[in-house]
Amino acid sequence: MTPEVADSFSASAAAYVHIPFCSAICPYCDFAVVAGQDELAERYVDAVVTEIRMAEPWRPLEAIYFGGGTPSHVDPVLLARILEALSDRHGIADGAEISLEANPEDFGAERAGLLHRIGFNRVSFGSQSFDQSVLSYLGRRHEPSQIDSAVGSARDGGFENVSLDLIYGSPGESNELWAATVSRALALKPDHLSCYALTVEAGTPLGRAVRDGAVAPDPDIQADRYEHVESAVPFERYEVSNWSLPGQECRYNLTIWAQGEYEAFGNGAHGFRDGRRYRNHRRLEAYLEHVESGALPRAGEDALAGWDLEQDRLFVGLRRVVGVFHGPGTRALLESPAGLRLIEAGVVESQAERLRVTRPLMTDAVHRSVMSLDAPNVMGESHA
Amino acid sequence: MTDQSRIRNFSIIAHIDHGKSTLADRLLERTGAVTEREMREQLLDTMDLERERGITIKAQTVRLEHKASDGQEYVLNLIDTPGHVDFSYEVSRSLAACEGALLLVDAAQGVQAQTLANSYLAVDAGLEVIPAVNKIDLPAADPERAAAELVSILGGEPDHVVRMSAKTGDGVDAMLEELVQLVPAPEGDPDAPLRALVFDSYFDAFRGVVCYVRVVDGYLDTGELLRFMATNETQDANEIGFLTPKVEPVARLGPGEVGYLITGVKEIDRIKVGDTVTAAREPASEPLPGYAEPKPMVFSGLFPTDGDDYEKLREALEKLRLNDASLLWEPETSKALGFGFRVGFLGLLHMEIVRERLEREYDLDLVATAPSVAYRVVMPDDSEVEIKSPQDLPEPTDRKSISEPYVKAMILTPSEFVGPIMELATSRRAIVGNMNYLSPERVELDFEIPLAEIVFDFFDLLKSKTKGYASLDYEPTGYREADLVKVDILLHGQPVDAFSAIVHRDNAQDYGSKMTGRLRGLIPRQLFDVPIQAAIGGRIISRETVRATRKDVTAKCYGGDISRKKKLLQRQKEGKKRMKMVGSVEVPQEAFVAALKVDDDT
C-alpha cells in the first residue's frame, strides 16, 4: 500500500457500531461487553437506531464496522435494522466496506448467507488459536475445526474479504504451537490476518489472576512470536498487528489511522467527528437510559486543534507501516533528544517526505516521546 | 563569685538512653535550680532548643548549688558532652573544662563502646572518673555485673561504684556526695592574665553567637575588650553570666567558674570551639592547649533530586551551618546527578543527621553518593594533595602513592560473637589489636582499620553479624599508605561519576561486580542494549548487560482506544520525568539511591 493511498483515507467517512452481547465473557477482555443479557438485544438495537437518527446528517459512509462484544451473536435481522438506519441517515457509498466481527461457533452456512445478503461483505473471525489448550486458556468456546468450517461458510455465503484474528504469547503456548496456528490459519487462505500479543488488562479476570501471582505473558517470547509471523506470513504488513493481501486492508481501520473521521454508536463506542474525539457511556443501562430519554449518550469528548491535533495525527498514523508525512510534530520529534535516541536505536526512520516506525514492537516508546513533546511556539500560539 | 575550693566542674558520660537527661533533670530539681512546675517547662524548652540546634548536640551547661554533708555550699557546674564519637573533638573540649566526670552505665545493659571511648578520653584528660550504675530500679537490672564491668575498665573496688536511679532519685544524694569529695577543685591562678576556654558555642537569632566558657586563670569582666587567641579576633564582652539554667548575667567570672559570654559576633565560624579568650590589654602569653580546627572525616555528594532545588539546598546548608561550624561543603558537578555539593562531615552519624534534617526540615529530596574519606595523594613532584571525591583522584601515572585514614575501632560485644567479628574485621583489612574480657560474657576488641571500610558497610555488617548486640566506636589514628585504585562504573561506555569509588585493589573486583550486578537489576531496559561495566583505568573488571526492550507496544489500537491510550501515555511520560539521563541511558532516580545504598548482601 502506497503512502498516498493510505493517507487518502483521511477524507473518508466511516461508522462504528458496538454490539456488546456475548455468550460468555473471555477472561482477558476489557471491552464494553455483557453476557447473559441477550433479551436486551432488541431494546438495545432500538436505542442504536435512535442514536443514529440523532446524528448530524453526513456524507455517505465508505466503511462501517460492527464490533463488540460479538455482533454475530445477535439476530442478523437486528443488525440489518442498524444498517438501514445508517443508510437512511447518511447513505452508504457504493462499494463501501461493511465488516462484522464474528465468533466461529456462530457462523453456520445459513447465517453467513443471511449476513451477506443484509449487506456485510467483510468478516473478521475471533479465531485466536488453532490449539485447543490455548483456546481453553483464553476462555474461547470454539474448537479449532469450527474455524475451518466458519471460513468455509463465509466463502460460500459470498464474503469476499475474510480475516482471522490470532492471539500469541499465552503462557503455555510454545513456539511450535504458535507456528502451527499460523500455518493452519494460512492454509485457510484468508485475505487478512490480525495477530495480537495477549495483553493483561487490569480489572479483567486475567489481570486479577496475574496480580495474584498467575504466570504473565513474557514480552520477549511475544517478540519471538511476532518475528515468526513477520517471516512466515506471505502478506504485506500495513499496521503493527495487521497483515493482508494487497488491496484487502481494512478500510475502516485505515480511516482511523489516517486520522479520518468516524461516527460511533452504542455503549462504550468512541467516535471522531468535526474535530472532536467523543465517547459514549460504557455501562449498557446508562447508555440505554440516555438514548431512551432523548439525550445523546456521551460520556465525554476532547476537541482537537493545533498541537493536540498534530500529536494525535502522529499517534494514529505512526502505527502504520507507511508512517506519517512530515509536519510540525515529526520535526519537533526529530529535534528532541528523545527523537535522536529513537533514530540512533533504529526505532524510527526519517525519509525525505515521511517518518516511519521501523521497529513496530517499539511503537509505544515512539508514542511516549511524541506525547511528551512540547508544542513548538508557532503552534502553541494558535490554540492558546 | 565562688571560691575555687567550693567549685566542682564535671560532665556526665553515658550511652544514649542510659539516663543522662533524666539525671540532669533530677539534679536540677534536687539542687533547687528549678521548681517541679518549672521542670516541665524546662523540659519543653530543652526540647525546642534541641530541635532548633539539632545535631550539633551542643554541650549544655548548668550551674547547680548544693549543700554537701560537710555543711558547705558548693557550686556544681554540669557540662554536658555531645556523647558521640563523631564529635570527639567537641567532647574533648568539654572534658577539658572539667576536673571530673560521672560515668553513668545502665544497670541492665552494661558498658557500651561509646561510653568506653569517652571514658578513655576522660581518663586521658586527667579527669577523676566516678563510676555509677543507673536504673537500678529496672526489673532487668544487674547492678553487680555492670559494676564489675566498670571496675574492669577503671580499676577500683566494685563496692565503691555508686548505685542509683535517676528516675526514682534513689542514690542521687550519695552520688553528689562522691562528686564533692572526689572531684578536685579547680586550681587556676587568680593573679595570672585571663585565660578562658571556649568549650562550645551556639547561634541565637537575637543575640548572635553565644559562647560557653570556662575561666582557667584570671578574671573575665563584662565590658572588657577580649582577644580570641586562635582567630586573633578582638571583641567586647557585651554580656557574661551563669546558666542556672536560666540566663543570669553577672559582672565577672572568676577562676574555675563556668558561664556564657556574648560578644557582637554574629557568624558562628568566627568563634572557634577550643579557642582561648584572653584580655586584649594584658594578654596571656600562651593559649590553653588542645585547640584544633574541626576536621571533616567523611564526605558525600548531596544532589537535589529535582535540579531546580539546588539553590534551596544551598540555603538549607547555610542555615544548618549557622549552628554547626563543622559543616563544610563545596559545589560539585556530576554528569549523572547534575549540580550539588560535596559535603564534609565529622563522621557517619553527623552525615546521617544532616541528611535527615535537610530532607525533613527543609523538605528536600536528595540523592547522596556513597560516603568516602579524605585520601592523601603524593604527586610526582612529591607534593601532597588531599582528595575528597573519587572524581579528583589523579590517574595512576600522575601520582606516586595514596594513603588513607585509619581509625582505632573499639568493639564491645557479647563473647559469642568474637569469631564472626574477627572474621569480618580481617576481611575488611583490619589489624587486630587487643582483646579484653570485661566479664566472662562481654569482650572489648580493638583494632586498626581503614576508616573507608567502616564508612562503607562495616557498621551494618557488624550489626547484622551480632544481632545488634555489638557496639562500635572509633577514633582517628593517622594515615597509612595503601594499594588503592579507583573503580569506575560505565553505563553504555560512559563513566557515571556518582558510582566511582576508591577501593583497595583486593576489593576492586568485589565492588565492581556488586555494582554492575545491582545496576543490572535497577536500570530498566532501554531502546538498545546497555552494557554496564566496572573498570580500573581502561581495564574492564566486570560486565553486565541490560538487554534492549524488544516489545513496547499496544497490540490492539483502533478507534475505541485512542483517547484512553493517549492519556495513559501522557501519564507514563510524567513518570519518565523522574529519569536522569546518563549519556543516552535513562536511569530512574531510585536506581541511584538503591545502588548507593550500603547493605549487607555481600
# chains A, B, ... in the order shown; residues from 1 in each chain; ligands from 1

call {"tool": "interface_residues", "arguments": {"of": "chain A", "to": "chain B", "cutoff": "6 Å", "atoms": "only C-alpha atoms", "output": "VMD selection string"}}
result
chain A and resid 196 to 197 219 223 256 270 345 361 to 364 368 372

call {"tool": "residues_around", "arguments": {"residues": "Gly340 in chain B", "least_positions_apart": "4", "cutoff": "9 Å", "atoms": "only C-alpha atoms", "output": "list in words"}}
result
Gly301, Leu302, Phe303, Pro304, Gly307, Tyr310, Leu313, Arg314, Glu330, Pro331, Glu332, Thr333 and Ser334 of chain B

call {"tool": "write_last_selection", "arguments": {"atoms": "N, CA, C and O atoms", "output": "CSV table (one decimal), in the first residue's frame"}}
result
chain,number,residue,atom,x,y,z
B,301,GLY,N,28.6,13.3,48.3
B,301,GLY,CA,28.0,14.3,47.4
B,301,GLY,C,26.5,14.3,47.7
B,301,GLY,O,25.8,13.3,47.8
B,302,LEU,N,25.9,15.5,47.8
B,302,LEU,CA,24.5,15.7,48.0
B,302,LEU,C,23.9,16.4,46.8
B,302,LEU,O,24.3,17.5,46.5
B,303,PHE,N,23.0,15.8,46.2
B,303,PHE,CA,22.4,16.3,45.0
B,303,PHE,C,20.9,16.4,45.1
B,303,PHE,O,20.3,15.4,45.5
B,304,PRO,N,20.2,17.5,44.8
B,304,PRO,CA,18.8,17.5,44.8
B,304,PRO,C,18.2,16.6,43.7
B,304,PRO,O,18.7,16.6,42.6
B,307,GLY,N,16.6,19.2,40.0
B,307,GLY,CA,17.7,20.1,39.8
B,307,GLY,C,17.3,21.5,40.2
B,307,GLY,O,18.2,22.3,40.6
B,310,TYR,N,18.5,23.2,43.7
B,310,TYR,CA,19.9,23.4,44.0
B,310,TYR,C,20.1,24.6,45.0
B,310,TYR,O,20.7,24.5,46.0
B,313,LEU,N,18.9,23.9,48.4
B,313,LEU,CA,19.8,23.1,49.1
B,313,LEU,C,20.9,23.9,49.7
B,313,LEU,O,21.3,23.8,50.9
B,314,ARG,N,21.4,24.9,48.9
B,314,ARG,CA,22.5,25.7,49.4
B,314,ARG,C,22.0,26.5,50.6
B,314,ARG,O,22.7,26.6,51.6
B,330,GLU,N,31.6,22.1,49.4
B,330,GLU,CA,31.9,22.9,48.2
B,330,GLU,C,31.1,22.4,47.0
B,330,GLU,O,30.6,21.3,47.1
B,331,PRO,N,30.8,23.3,46.0
B,331,PRO,CA,29.9,22.8,44.9
B,331,PRO,C,30.6,21.6,44.2
B,331,PRO,O,31.8,21.5,44.1
B,332,GLU,N,29.7,20.8,43.7
B,332,GLU,CA,30.2,19.6,43.0
B,332,GLU,C,29.3,19.4,41.8
B,332,GLU,O,28.1,19.5,41.9
B,333,THR,N,29.9,19.1,40.6
B,333,THR,CA,29.1,18.9,39.5
B,333,THR,C,29.2,17.4,39.1
B,333,THR,O,30.4,16.9,39.0
B,334,SER,N,28.1,16.8,38.9
B,334,SER,CA,28.2,15.4,38.5
B,334,SER,C,27.5,15.3,37.2
B,334,SER,O,26.4,15.8,37.0

call {"tool": "residues_around", "arguments": {"residues": "Pro337 in chain A", "least_positions_apart": "6", "cutoff": "12 Å", "atoms": "only C-alpha atoms", "output": "list in words"}}
result
Ile343, Glu344, Ser369, Val370, Ser372 and Leu373 of chain A; Met581, Gly583, Ser584, Val585 and Glu586 of chain B

call {"tool": "write_last_selection", "arguments": {"atoms": "C-alpha atoms", "output": "short mmCIF file (atom, residue, chain, number, x, y, z; two decimals), in the first residue's frame"}}
result
data_model
loop_
_atom_site.label_atom_id
_atom_site.label_comp_id
_atom_site.auth_asym_id
_atom_site.auth_seq_id
_atom_site.Cartn_x
_atom_site.Cartn_y
_atom_site.Cartn_z
CA ILE A 343 16.74 7.29 15.34
CA GLU A 344 20.01 6.09 16.84
CA SER A 369 8.18 10.55 23.04
CA VAL A 370 5.62 12.13 20.75
CA SER A 372 6.00 14.33 25.73
CA LEU A 373 6.90 16.92 23.10
CA MET B 581 19.78 10.85 31.50
CA GLY B 583 24.51 9.83 28.17
CA SER B 584 21.68 8.26 26.22
CA VAL B 585 20.64 5.94 29.03
CA GLU B 586 17.58 6.67 31.14
#

call {"tool": "select_by_dssp", "arguments": {"residues": "range 228-449 of chain B", "states": "strand (DSSP E)", "output": "JSON, numbers by chain"}}
result
{"B": [228, 233, 234, 235, 236, 239, 240, 241, 242, 243, 247, 248, 249, 250, 252, 253, 258, 259, 260, 261, 262, 276, 277, 278, 279, 298, 299, 300, 301, 302, 303, 304, 328, 329, 330, 331, 332, 333, 334, 338, 339, 340, 341, 342, 343, 344, 345, 366, 367, 368, 372, 373, 375, 376, 377, 378, 384, 385, 386, 387, 401, 402, 403, 404, 405, 406, 407, 408, 409, 410, 411, 412, 413, 414, 431, 432, 433, 434, 435, 436, 437, 438, 439, 442, 443, 444, 445, 446, 447, 448, 449]}

call {"tool": "residues_around", "arguments": {"residues": "range 249-266 of chain B", "least_positions_apart": "3", "cutoff": "6 Å", "atoms": "only C-alpha atoms", "output": "ChimeraX atom specification"}}
result
/B:4,186,188,190,208-222,236-242

call {"tool": "closest_residue", "arguments": {"among": "A:Glu42, A:Glu97, A:Asp312, A:Asp106", "to": "Thr70 in chain A", "atoms": "only C-alpha atoms"}}
result
A:Asp106

call {"tool": "residues_around", "arguments": {"residues": "Val347 in chain A", "least_positions_apart": "5", "cutoff": "6 Å", "atoms": "only C-alpha atoms", "output": "PyMOL selection string"}}
result
chain A and resi 342+357-359

call {"tool": "decode", "arguments": {"residues": "range 166-262 of chain A", "atoms": "C-alpha atoms", "output": "PDB file, in the first residue's frame"}}
result
ATOM      1  CA  LEU A 166      -4.962 -14.655  16.297  1.00  0.00           C
ATOM      2  CA  ILE A 167      -3.566 -14.151  19.793  1.00  0.00           C
ATOM      3  CA  TYR A 168       0.044 -15.074  20.558  1.00  0.00           C
ATOM      4  CA  GLY A 169       2.112 -15.354  23.690  1.00  0.00           C
ATOM      5  CA  SER A 170      -0.356 -17.054  26.024  1.00  0.00           C
ATOM      6  CA  PRO A 171       1.511 -18.756  28.860  1.00  0.00           C
ATOM      7  CA  GLY A 172       1.876 -22.398  27.930  1.00  0.00           C
ATOM      8  CA  GLU A 173       1.939 -21.775  24.208  1.00  0.00           C
ATOM      9  CA  SER A 174       5.191 -22.991  22.622  1.00  0.00           C
ATOM     10  CA  ASN A 175       6.974 -21.706  19.539  1.00  0.00           C
ATOM     11  CA  GLU A 176       5.851 -24.852  17.758  1.00  0.00           C
ATOM     12  CA  LEU A 177       2.195 -24.435  18.735  1.00  0.00           C
ATOM     13  CA  TRP A 178       2.266 -20.869  17.520  1.00  0.00           C
ATOM     14  CA  ALA A 179       3.920 -21.836  14.242  1.00  0.00           C
ATOM     15  CA  ALA A 180       1.253 -24.487  13.779  1.00  0.00           C
ATOM     16  CA  THR A 181      -1.514 -21.971  14.435  1.00  0.00           C
ATOM     17  CA  VAL A 182      -0.044 -19.579  11.872  1.00  0.00           C
ATOM     18  CA  SER A 183       0.269 -22.235   9.214  1.00  0.00           C
ATOM     19  CA  ARG A 184      -3.247 -23.583   9.804  1.00  0.00           C
ATOM     20  CA  ALA A 185      -4.574 -20.049   9.531  1.00  0.00           C
ATOM     21  CA  LEU A 186      -2.692 -19.503   6.275  1.00  0.00           C
ATOM     22  CA  ALA A 187      -3.997 -22.831   4.970  1.00  0.00           C
ATOM     23  CA  LEU A 188      -7.497 -21.371   5.113  1.00  0.00           C
ATOM     24  CA  LYS A 189      -6.382 -18.692   2.632  1.00  0.00           C
ATOM     25  CA  PRO A 190      -7.705 -15.673   4.488  1.00  0.00           C
ATOM     26  CA  ASP A 191      -7.459 -12.269   2.860  1.00  0.00           C
ATOM     27  CA  HIS A 192      -6.383 -10.619   6.039  1.00  0.00           C
ATOM     28  CA  LEU A 193      -4.701 -11.523   9.306  1.00  0.00           C
ATOM     29  CA  SER A 194      -4.580  -9.707  12.642  1.00  0.00           C
ATOM     30  CA  CYS A 195      -2.097 -11.063  15.190  1.00  0.00           C
ATOM     31  CA  TYR A 196      -2.209  -9.662  18.698  1.00  0.00           C
ATOM     32  CA  ALA A 197       0.033 -10.186  21.688  1.00  0.00           C
ATOM     33  CA  LEU A 198      -2.045 -11.386  24.627  1.00  0.00           C
ATOM     34  CA  THR A 199      -2.354  -8.303  26.794  1.00  0.00           C
ATOM     35  CA  VAL A 200      -3.107  -8.398  30.502  1.00  0.00           C
ATOM     36  CA  GLU A 201      -5.511  -5.603  31.368  1.00  0.00           C
ATOM     37  CA  ALA A 202      -6.126  -4.582  34.943  1.00  0.00           C
ATOM     38  CA  GLY A 203      -9.668  -5.236  36.096  1.00  0.00           C
ATOM     39  CA  THR A 204     -10.177  -8.306  33.926  1.00  0.00           C
ATOM     40  CA  PRO A 205     -10.209 -11.827  35.402  1.00  0.00           C
ATOM     41  CA  LEU A 206      -6.820 -12.413  33.758  1.00  0.00           C
ATOM     42  CA  GLY A 207      -5.499  -9.166  35.212  1.00  0.00           C
ATOM     43  CA  ARG A 208      -6.602 -10.176  38.672  1.00  0.00           C
ATOM     44  CA  ALA A 209      -5.094 -13.640  38.311  1.00  0.00           C
ATOM     45  CA  VAL A 210      -1.741 -12.219  37.221  1.00  0.00           C
ATOM     46  CA  ARG A 211      -1.837  -9.703  40.023  1.00  0.00           C
ATOM     47  CA  ASP A 212      -2.344 -12.605  42.419  1.00  0.00           C
ATOM     48  CA  GLY A 213       0.606 -14.496  41.010  1.00  0.00           C
ATOM     49  CA  ALA A 214      -0.539 -16.298  37.868  1.00  0.00           C
ATOM     50  CA  VAL A 215       2.020 -16.529  35.063  1.00  0.00           C
ATOM     51  CA  ALA A 216       2.071 -13.406  32.914  1.00  0.00           C
ATOM     52  CA  PRO A 217       2.896 -13.393  29.219  1.00  0.00           C
ATOM     53  CA  ASP A 218       6.615 -12.884  28.609  1.00  0.00           C
ATOM     54  CA  PRO A 219       7.251  -9.870  26.349  1.00  0.00           C
ATOM     55  CA  ASP A 220      10.453 -11.369  24.953  1.00  0.00           C
ATOM     56  CA  ILE A 221       8.619 -14.552  23.974  1.00  0.00           C
ATOM     57  CA  GLN A 222       5.889 -12.434  22.424  1.00  0.00           C
ATOM     58  CA  ALA A 223       8.552 -10.631  20.425  1.00  0.00           C
ATOM     59  CA  ASP A 224       9.771 -14.015  19.159  1.00  0.00           C
ATOM     60  CA  ARG A 225       6.224 -14.957  18.113  1.00  0.00           C
ATOM     61  CA  TYR A 226       5.788 -11.665  16.308  1.00  0.00           C
ATOM     62  CA  GLU A 227       9.017 -12.182  14.421  1.00  0.00           C
ATOM     63  CA  HIS A 228       7.773 -15.595  13.382  1.00  0.00           C
ATOM     64  CA  VAL A 229       4.647 -14.014  11.891  1.00  0.00           C
ATOM     65  CA  GLU A 230       6.778 -11.483  10.036  1.00  0.00           C
ATOM     66  CA  SER A 231       8.848 -14.247   8.479  1.00  0.00           C
ATOM     67  CA  ALA A 232       6.110 -16.837   7.900  1.00  0.00           C
ATOM     68  CA  VAL A 233       3.213 -14.821   6.534  1.00  0.00           C
ATOM     69  CA  PRO A 234       3.363 -14.069   2.801  1.00  0.00           C
ATOM     70  CA  PHE A 235       1.159 -10.992   3.255  1.00  0.00           C
ATOM     71  CA  GLU A 236       2.091  -7.374   3.468  1.00  0.00           C
ATOM     72  CA  ARG A 237       2.013  -5.898   6.940  1.00  0.00           C
ATOM     73  CA  TYR A 238       0.359  -2.472   6.935  1.00  0.00           C
ATOM     74  CA  GLU A 239      -0.003  -1.787  10.647  1.00  0.00           C
ATOM     75  CA  VAL A 240       1.613  -3.044  13.872  1.00  0.00           C
ATOM     76  CA  SER A 241      -0.703  -6.036  14.172  1.00  0.00           C
ATOM     77  CA  ASN A 242      -2.288  -6.301  10.703  1.00  0.00           C
ATOM     78  CA  TRP A 243      -1.306  -8.150   7.525  1.00  0.00           C
ATOM     79  CA  SER A 244      -3.275  -8.538   4.286  1.00  0.00           C
ATOM     80  CA  LEU A 245      -3.241  -9.390   0.635  1.00  0.00           C
ATOM     81  CA  PRO A 246      -2.774  -6.266  -1.482  1.00  0.00           C
ATOM     82  CA  GLY A 247      -5.972  -4.208  -1.541  1.00  0.00           C
ATOM     83  CA  GLN A 248      -7.618  -6.225   1.217  1.00  0.00           C
ATOM     84  CA  GLU A 249      -6.621  -3.945   4.069  1.00  0.00           C
ATOM     85  CA  CYS A 250      -9.398  -2.999   6.450  1.00  0.00           C
ATOM     86  CA  ARG A 251     -10.582   0.334   5.122  1.00  0.00           C
ATOM     87  CA  TYR A 252     -12.451   1.216   8.308  1.00  0.00           C
ATOM     88  CA  ASN A 253      -9.224   0.950  10.285  1.00  0.00           C
ATOM     89  CA  LEU A 254      -7.231   2.711   7.579  1.00  0.00           C
ATOM     90  CA  THR A 255      -9.618   5.615   8.068  1.00  0.00           C
ATOM     91  CA  ILE A 256      -8.893   5.763  11.785  1.00  0.00           C
ATOM     92  CA  TRP A 257      -5.119   5.577  11.345  1.00  0.00           C
ATOM     93  CA  ALA A 258      -5.231   8.280   8.679  1.00  0.00           C
ATOM     94  CA  GLN A 259      -6.996  10.467  11.254  1.00  0.00           C
ATOM     95  CA  GLY A 260     -10.145  10.268   9.169  1.00  0.00           C
ATOM     96  CA  GLU A 261     -13.496  10.817  10.852  1.00  0.00           C
ATOM     97  CA  TYR A 262     -15.882   8.150  12.023  1.00  0.00           C
TER      98      TYR A 262
END
